[in-house]
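**Q** My file is structure-v7.pdb. It has PDB, C-alpha atoms:
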```pdb
ATOM      1  CA  MET A1016      13.267  15.059   4.651  1.00  0.00           C
ATOM      2  CA  ALA A1017       9.536  14.296   4.851  1.00  0.00           C
ATOM      3  CA  LEU A1018       8.034  11.462   6.875  1.00  0.00           C
ATOM      4  CA  ARG A1019       4.324  10.609   7.037  1.00  0.00           C
ATOM      5  CA  LEU A1020       2.254   7.769   8.502  1.00  0.00           C
ATOM      6  CA  ILE A1021      -0.781   6.875   6.380  1.00  0.00           C
ATOM      7  CA  PRO A1022      -3.509   4.309   7.161  1.00  0.00           C
ATOM      8  CA  TYR A1023      -3.574   1.654   4.411  1.00  0.00           C
ATOM      9  CA  ILE A1024      -6.709  -0.454   4.057  1.00  0.00           C
ATOM     10  CA  VAL A1025      -6.538  -3.809   2.251  1.00  0.00           C
ATOM     11  CA  LEU A1026      -9.850  -5.377   1.229  1.00  0.00           C
ATOM     12  CA  ASP A1027     -11.040  -8.479  -0.611  1.00  0.00           C
ATOM     13  CA  GLY A1028     -12.532  -7.020  -3.790  1.00  0.00           C
ATOM     14  CA  THR A1029     -14.497  -4.197  -2.148  1.00  0.00           C
ATOM     15  CA  ALA A1030     -11.936  -1.360  -2.175  1.00  0.00           C
ATOM     16  CA  SER A1031     -13.748   0.524  -4.974  1.00  0.00           C
ATOM     17  CA  GLU A1032     -17.021   0.245  -3.040  1.00  0.00           C
ATOM     18  CA  ALA A1033     -15.302   1.449   0.153  1.00  0.00           C
ATOM     19  CA  ILE A1034     -13.812   4.450  -1.652  1.00  0.00           C
ATOM     20  CA  SER A1035     -17.252   5.435  -2.981  1.00  0.00           C
ATOM     21  CA  PHE A1036     -18.693   4.984   0.513  1.00  0.00           C
ATOM     22  CA  TYR A1037     -16.063   7.271   2.071  1.00  0.00           C
ATOM     23  CA  GLU A1038     -16.603   9.872  -0.664  1.00  0.00           C
ATOM     24  CA  GLY A1039     -20.215  10.172   0.506  1.00  0.00           C
ATOM     25  CA  ALA A1040     -19.812   9.528   4.224  1.00  0.00           C
ATOM     26  CA  LEU A1041     -16.660  11.580   4.824  1.00  0.00           C
ATOM     27  CA  GLY A1042     -16.544  13.952   1.837  1.00  0.00           C
ATOM     28  CA  ALA A1043     -13.397  12.187   0.634  1.00  0.00           C
ATOM     29  CA  GLU A1044     -11.660  13.256  -2.556  1.00  0.00           C
ATOM     30  CA  VAL A1045     -10.079  10.572  -4.756  1.00  0.00           C
ATOM     31  CA  LEU A1046      -6.479  11.587  -5.461  1.00  0.00           C
ATOM     32  CA  PHE A1047      -5.430   8.413  -7.293  1.00  0.00           C
ATOM     33  CA  LYS A1048      -7.095   5.145  -8.246  1.00  0.00           C
ATOM     34  CA  GLN A1049      -5.637   2.354 -10.387  1.00  0.00           C
ATOM     35  CA  THR A1050      -6.845  -1.201 -10.937  1.00  0.00           C
ATOM     36  CA  PHE A1051      -4.518  -4.175 -11.252  1.00  0.00           C
ATOM     37  CA  GLY A1052      -5.531  -4.278 -14.926  1.00  0.00           C
ATOM     38  CA  GLU A1053      -4.236  -0.715 -15.438  1.00  0.00           C
ATOM     39  CA  MET A1054      -0.804  -1.474 -13.944  1.00  0.00           C
ATOM     40  CA  PRO A1055       2.201  -2.478 -16.071  1.00  0.00           C
ATOM     41  CA  GLU A1056       2.030  -6.176 -16.922  1.00  0.00           C
ATOM     42  CA  ASN A1057       4.615  -8.638 -15.661  1.00  0.00           C
ATOM     43  CA  PRO A1058       4.952 -11.516 -18.171  1.00  0.00           C
ATOM     44  CA  GLU A1059       6.292 -13.801 -15.415  1.00  0.00           C
ATOM     45  CA  PHE A1060       3.070 -13.338 -13.418  1.00  0.00           C
ATOM     46  CA  PRO A1061       0.085 -13.092 -15.783  1.00  0.00           C
ATOM     47  CA  LEU A1062      -2.855 -11.255 -14.264  1.00  0.00           C
ATOM     48  CA  PRO A1063      -5.932 -13.440 -13.690  1.00  0.00           C
ATOM     49  CA  ALA A1064      -9.091 -12.047 -15.337  1.00  0.00           C
ATOM     50  CA  GLU A1065     -10.917 -11.828 -11.986  1.00  0.00           C
ATOM     51  CA  ALA A1066      -8.177  -9.490 -10.650  1.00  0.00           C
ATOM     52  CA  LYS A1067      -8.231  -6.921 -13.458  1.00  0.00           C
ATOM     53  CA  ASN A1068     -10.964  -4.702 -11.977  1.00  0.00           C
ATOM     54  CA  ARG A1069      -9.739  -4.914  -8.389  1.00  0.00           C
ATOM     55  CA  ILE A1070      -7.993  -1.861  -6.955  1.00  0.00           C
ATOM     56  CA  GLY A1071      -4.199  -2.165  -7.118  1.00  0.00           C
ATOM     57  CA  HIS A1072      -3.703   1.158  -5.352  1.00  0.00           C
ATOM     58  CA  ALA A1073      -5.803   4.182  -4.473  1.00  0.00           C
ATOM     59  CA  THR A1074      -5.367   7.284  -2.341  1.00  0.00           C
ATOM     60  CA  ILE A1075      -8.147   9.468  -0.983  1.00  0.00           C
ATOM     61  CA  ARG A1076      -8.017  12.688   1.022  1.00  0.00           C
ATOM     62  CA  VAL A1077     -10.322  13.187   3.972  1.00  0.00           C
ATOM     63  CA  GLY A1078      -9.887  16.704   5.303  1.00  0.00           C
ATOM     64  CA  GLU A1079      -6.142  17.094   5.916  1.00  0.00           C
ATOM     65  CA  THR A1080      -5.480  13.327   6.002  1.00  0.00           C
ATOM     66  CA  GLU A1081      -4.886  10.719   3.339  1.00  0.00           C
ATOM     67  CA  MET A1082      -5.931   7.071   3.368  1.00  0.00           C
ATOM     68  CA  MET A1083      -4.699   4.427   0.948  1.00  0.00           C
ATOM     69  CA  PHE A1084      -6.505   1.347  -0.355  1.00  0.00           C
ATOM     70  CA  SER A1085      -5.923  -1.828  -2.325  1.00  0.00           C
ATOM     71  CA  ASP A1086      -7.602  -5.160  -2.899  1.00  0.00           C
ATOM     72  CA  ILE A1087      -5.931  -8.527  -2.484  1.00  0.00           C
ATOM     73  CA  PHE A1088      -5.647 -10.872  -5.451  1.00  0.00           C
ATOM     74  CA  PRO A1089      -8.536 -13.354  -5.686  1.00  0.00           C
ATOM     75  CA  GLY A1090      -7.768 -16.409  -3.577  1.00  0.00           C
ATOM     76  CA  GLN A1091      -5.170 -14.721  -1.349  1.00  0.00           C
ATOM     77  CA  PRO A1092      -5.777 -15.107   2.377  1.00  0.00           C
ATOM     78  CA  HIS A1093      -7.660 -12.196   3.904  1.00  0.00           C
ATOM     79  CA  GLN A1094      -8.190 -12.029   7.630  1.00  0.00           C
ATOM     80  CA  PRO A1095     -10.731  -9.480   8.897  1.00  0.00           C
ATOM     81  CA  GLY A1096      -8.906  -7.286  11.382  1.00  0.00           C
ATOM     82  CA  ASP A1097      -5.666  -7.427   9.384  1.00  0.00           C
ATOM     83  CA  GLN A1098      -6.921  -5.157   6.621  1.00  0.00           C
ATOM     84  CA  VAL A1099      -5.516  -1.948   8.111  1.00  0.00           C
ATOM     85  CA  THR A1100      -1.763  -1.409   7.929  1.00  0.00           C
ATOM     86  CA  ILE A1101       0.355   1.708   8.298  1.00  0.00           C
ATOM     87  CA  CYS A1102       2.167   3.095   5.292  1.00  0.00           C
ATOM     88  CA  ILE A1103       5.330   4.993   6.200  1.00  0.00           C
ATOM     89  CA  SER A1104       6.028   7.394   3.365  1.00  0.00           C
ATOM     90  CA  THR A1105       9.365   9.145   2.988  1.00  0.00           C
ATOM     91  CA  ASP A1106      11.345  10.882   0.267  1.00  0.00           C
ATOM     92  CA  ASP A1107      14.689   9.530   1.476  1.00  0.00           C
ATOM     93  CA  LYS A1108      15.851   6.039   0.423  1.00  0.00           C
ATOM     94  CA  GLU A1109      18.381   5.824   3.254  1.00  0.00           C
ATOM     95  CA  GLN A1110      15.693   6.666   5.786  1.00  0.00           C
ATOM     96  CA  SER A1111      13.455   3.955   4.282  1.00  0.00           C
ATOM     97  CA  HIS A1112      16.222   1.372   4.744  1.00  0.00           C
ATOM     98  CA  LYS A1113      16.879   2.517   8.310  1.00  0.00           C
ATOM     99  CA  ILE A1114      13.185   2.333   9.266  1.00  0.00           C
ATOM    100  CA  PHE A1115      12.668  -1.036   7.523  1.00  0.00           C
ATOM    101  CA  ASN A1116      15.723  -2.562   9.226  1.00  0.00           C
ATOM    102  CA  ALA A1117      14.632  -1.289  12.641  1.00  0.00           C
ATOM    103  CA  LEU A1118      11.059  -2.581  12.269  1.00  0.00           C
ATOM    104  CA  GLN A1119      12.123  -6.055  11.119  1.00  0.00           C
ATOM    105  CA  GLU A1120      14.111  -6.755  14.310  1.00  0.00           C
ATOM    106  CA  GLY A1121      12.122  -9.390  16.156  1.00  0.00           C
ATOM    107  CA  GLY A1122       9.457  -9.179  13.448  1.00  0.00           C
ATOM    108  CA  GLN A1123       8.823 -10.740  10.055  1.00  0.00           C
ATOM    109  CA  VAL A1124       9.652  -9.455   6.577  1.00  0.00           C
ATOM    110  CA  ILE A1125       6.609  -9.868   4.334  1.00  0.00           C
ATOM    111  CA  MET A1126       8.187  -8.271   1.246  1.00  0.00           C
ATOM    112  CA  PRO A1127      11.865  -7.262   1.255  1.00  0.00           C
ATOM    113  CA  LEU A1128      12.607  -3.581   0.715  1.00  0.00           C
ATOM    114  CA  GLN A1129      13.270  -3.326  -3.018  1.00  0.00           C
ATOM    115  CA  GLU A1130      12.892  -1.176  -6.105  1.00  0.00           C
ATOM    116  CA  THR A1131       9.486  -1.472  -7.792  1.00  0.00           C
ATOM    117  CA  PHE A1132       7.883   0.251 -10.773  1.00  0.00           C
ATOM    118  CA  PHE A1133       6.225   2.706  -8.357  1.00  0.00           C
ATOM    119  CA  SER A1134       8.987   3.251  -5.774  1.00  0.00           C
ATOM    120  CA  PRO A1135      12.795   3.132  -5.544  1.00  0.00           C
ATOM    121  CA  ALA A1136      12.466   1.389  -2.141  1.00  0.00           C
ATOM    122  CA  TYR A1137       9.251  -0.375  -1.108  1.00  0.00           C
ATOM    123  CA  GLY A1138       8.631  -3.251   1.284  1.00  0.00           C
ATOM    124  CA  ASN A1139       6.312  -4.722   3.919  1.00  0.00           C
ATOM    125  CA  VAL A1140       7.269  -5.786   7.402  1.00  0.00           C
ATOM    126  CA  LYS A1141       5.314  -6.996  10.442  1.00  0.00           C
ATOM    127  CA  ASP A1142       6.966  -5.753  13.620  1.00  0.00           C
ATOM    128  CA  LYS A1143       7.413  -7.748  16.818  1.00  0.00           C
ATOM    129  CA  PHE A1144       4.029  -6.471  18.053  1.00  0.00           C
ATOM    130  CA  GLY A1145       2.178  -7.820  14.997  1.00  0.00           C
ATOM    131  CA  ILE A1146       1.680  -4.421  13.341  1.00  0.00           C
ATOM    132  CA  THR A1147       2.211  -4.441   9.565  1.00  0.00           C
ATOM    133  CA  PHE A1148       4.019  -1.498   8.012  1.00  0.00           C
ATOM    134  CA  GLN A1149       4.466  -0.673   4.342  1.00  0.00           C
ATOM    135  CA  ILE A1150       7.610   1.358   3.706  1.00  0.00           C
ATOM    136  CA  TYR A1151       7.130   3.572   0.645  1.00  0.00           C
ATOM    137  CA  THR A1152       9.797   5.850  -0.821  1.00  0.00           C
ATOM    138  CA  ASN A1153       8.556   8.580  -3.161  1.00  0.00           C
ATOM    139  CA  ASN A1154       9.602   8.278  -6.816  1.00  0.00           C
ATOM    140  CA  HIS A1155      11.101  11.767  -6.939  1.00  0.00           C
ATOM    141  CA  CYS A1156      14.145  10.562  -4.997  1.00  0.00           C
ATOM    142  CA  MET A1157      15.178   8.082  -7.713  1.00  0.00           C
ATOM    143  CA  GLU A1158      18.807   8.403  -8.638  1.00  0.00           C
TER     144      GLU A1158
END
```
Would you write the structure of this file as structure tokens?
**A**
Amino acid sequence: MALRLIPYIVLDGTASEAISFYEGALGAEVLFKQTFGEMPENPEFPLPAEAKNRIGHATIRVGETEMMFSDIFPGQPHQPGDQVTICISTDDKEQSHKIFNALQEGGQVIMPLQETFFSPAYGNVKDKFGITFQIYTNNHCME
């Protein structure tokens, strides 16, 4: 059972620029980069044109460490200082549920832990100390 903590940076339309910056400044290697426009469409929530080129998800490697990035949708609230969260990545769905349930006690669920197109169990929770965690379960554990 693997468990990793990964810094996750959320920006307001500048994630692609930040990734390029870190490639030069830190020698980062882009492992994955996908815009909102490249993601599967959801007919219930049409994608606004101004969101299509924003980063939906990206992962870079800096030395032995990974960092993840995304942009917010245009018009969503973005508070400087809140753009760094911690992604808890695991390959065990039960462990994801256990961690999510523990972190939500005294905190606030931002997105319930649920199956998504990219994960069998993904959710966001702000703990009682105001720290936001993204719980991500690797796809290879899908049943």
**Q** Smallest atom-to-atom distance to A:Arg1019: which of A:Gln1129, A:Asn1154, A:Gln1094, A:Thr1080, using only C-alpha atoms?
**A**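 Between A:Gln1129, A:Asn1154, A:Gln1094, A:Thr1080, the residue approaching A:Arg1019 most closely is A:Thr1080.
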**Q** So which residues fall inside 10 Å of (10.0, 6.5, 1.4) if we count only C-alpha atoms? Mind giving them as a PyMOL selection string?
**A** chain A and resi 1016-1019+1102-1112+1114+1134-1138+1149-1156
**Q** Just want the 9 Å neighbourhood of A:Val1099, counted on all atoms listed in the file, with same-chain residues fewer than 2 positions away dropped. Output as a VMD selection string.
**A** chain A and resid 1022 to 1026 1096 to 1097 1101 1147
**Q** I'd like the residues picked by the PyMOL selection byres ((chain A and resi 1083) around 8) written out as an MDAnalysis selection string, using the chain letters and numbers from the file.
**A** chainID A and resid 1021:1024 1072:1075 1081:1082 1084:1085
**Q** Write to file, as a short mmCIF file (atom, residue, chain, number, x, y, z; two decimals), in the coordinates of the input, the residues of the selection just made, with C-alpha atoms.
**A**
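Okay, this is what ended up in again-v1.cif:
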```cif
data_model
loop_
_atom_site.label_atom_id
_atom_site.label_comp_id
_atom_site.auth_asym_id
_atom_site.auth_seq_id
_atom_site.Cartn_x
_atom_site.Cartn_y
_atom_site.Cartn_z
CA ILE A 1021 -0.78 6.88 6.38
CA PRO A 1022 -3.51 4.31 7.16
CA TYR A 1023 -3.57 1.65 4.41
CA ILE A 1024 -6.71 -0.45 4.06
CA HIS A 1072 -3.70 1.16 -5.35
CA ALA A 1073 -5.80 4.18 -4.47
CA THR A 1074 -5.37 7.28 -2.34
CA ILE A 1075 -8.15 9.47 -0.98
CA GLU A 1081 -4.89 10.72 3.34
CA MET A 1082 -5.93 7.07 3.37
CA PHE A 1084 -6.50 1.35 -0.36
CA SER A 1085 -5.92 -1.83 -2.33
#
```
**Q** Going by the chain IDs and residue numbers used in this file, which residues fall under the PyMOL selection byres ((chain A and resi 1121) around 7)? Write them as a list in words.
**A**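 Evaluating the PyMOL selection byres ((chain A and resi 1121) around 7) on this file yields Gln1119, Glu1120, Gly1122, Asp1142 and Lys1143 of chain A.
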**Q** So what do you get for atom CA of A:Leu1020 versus atom CA of A:Ala1117, distance-wise?
**A** 15.9 Å
**Q** To one decimal in Å, tell me the separation between atom CA of A:Val1077 and atom CA of A:Thr1050.
**A**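 These two atoms are separated by 21.0 Å.
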**Q** Excluding A:Glu1056 and residues on its chain fewer than 6 positions from it, collect all residues at most 12 Å away from it, counting only C-alpha atoms, and give them as an MDAnalysis selection string.
**A** chainID A and resid 1050 1062:1063 1067 1132
**Q** Would you mind exporting C-alpha atoms of the selected residues as a short mmCIF file (atom, residue, chain, number, x, y, z; two decimals), in the frame of the given file?
**A**
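The result, stored in result13.cif:
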```cif
data_model
loop_
_atom_site.label_atom_id
_atom_site.label_comp_id
_atom_site.auth_asym_id
_atom_site.auth_seq_id
_atom_site.Cartn_x
_atom_site.Cartn_y
_atom_site.Cartn_z
CA THR A 1050 -6.84 -1.20 -10.94
CA LEU A 1062 -2.86 -11.26 -14.26
CA PRO A 1063 -5.93 -13.44 -13.69
CA LYS A 1067 -8.23 -6.92 -13.46
CA PHE A 1132 7.88 0.25 -10.77
#
```
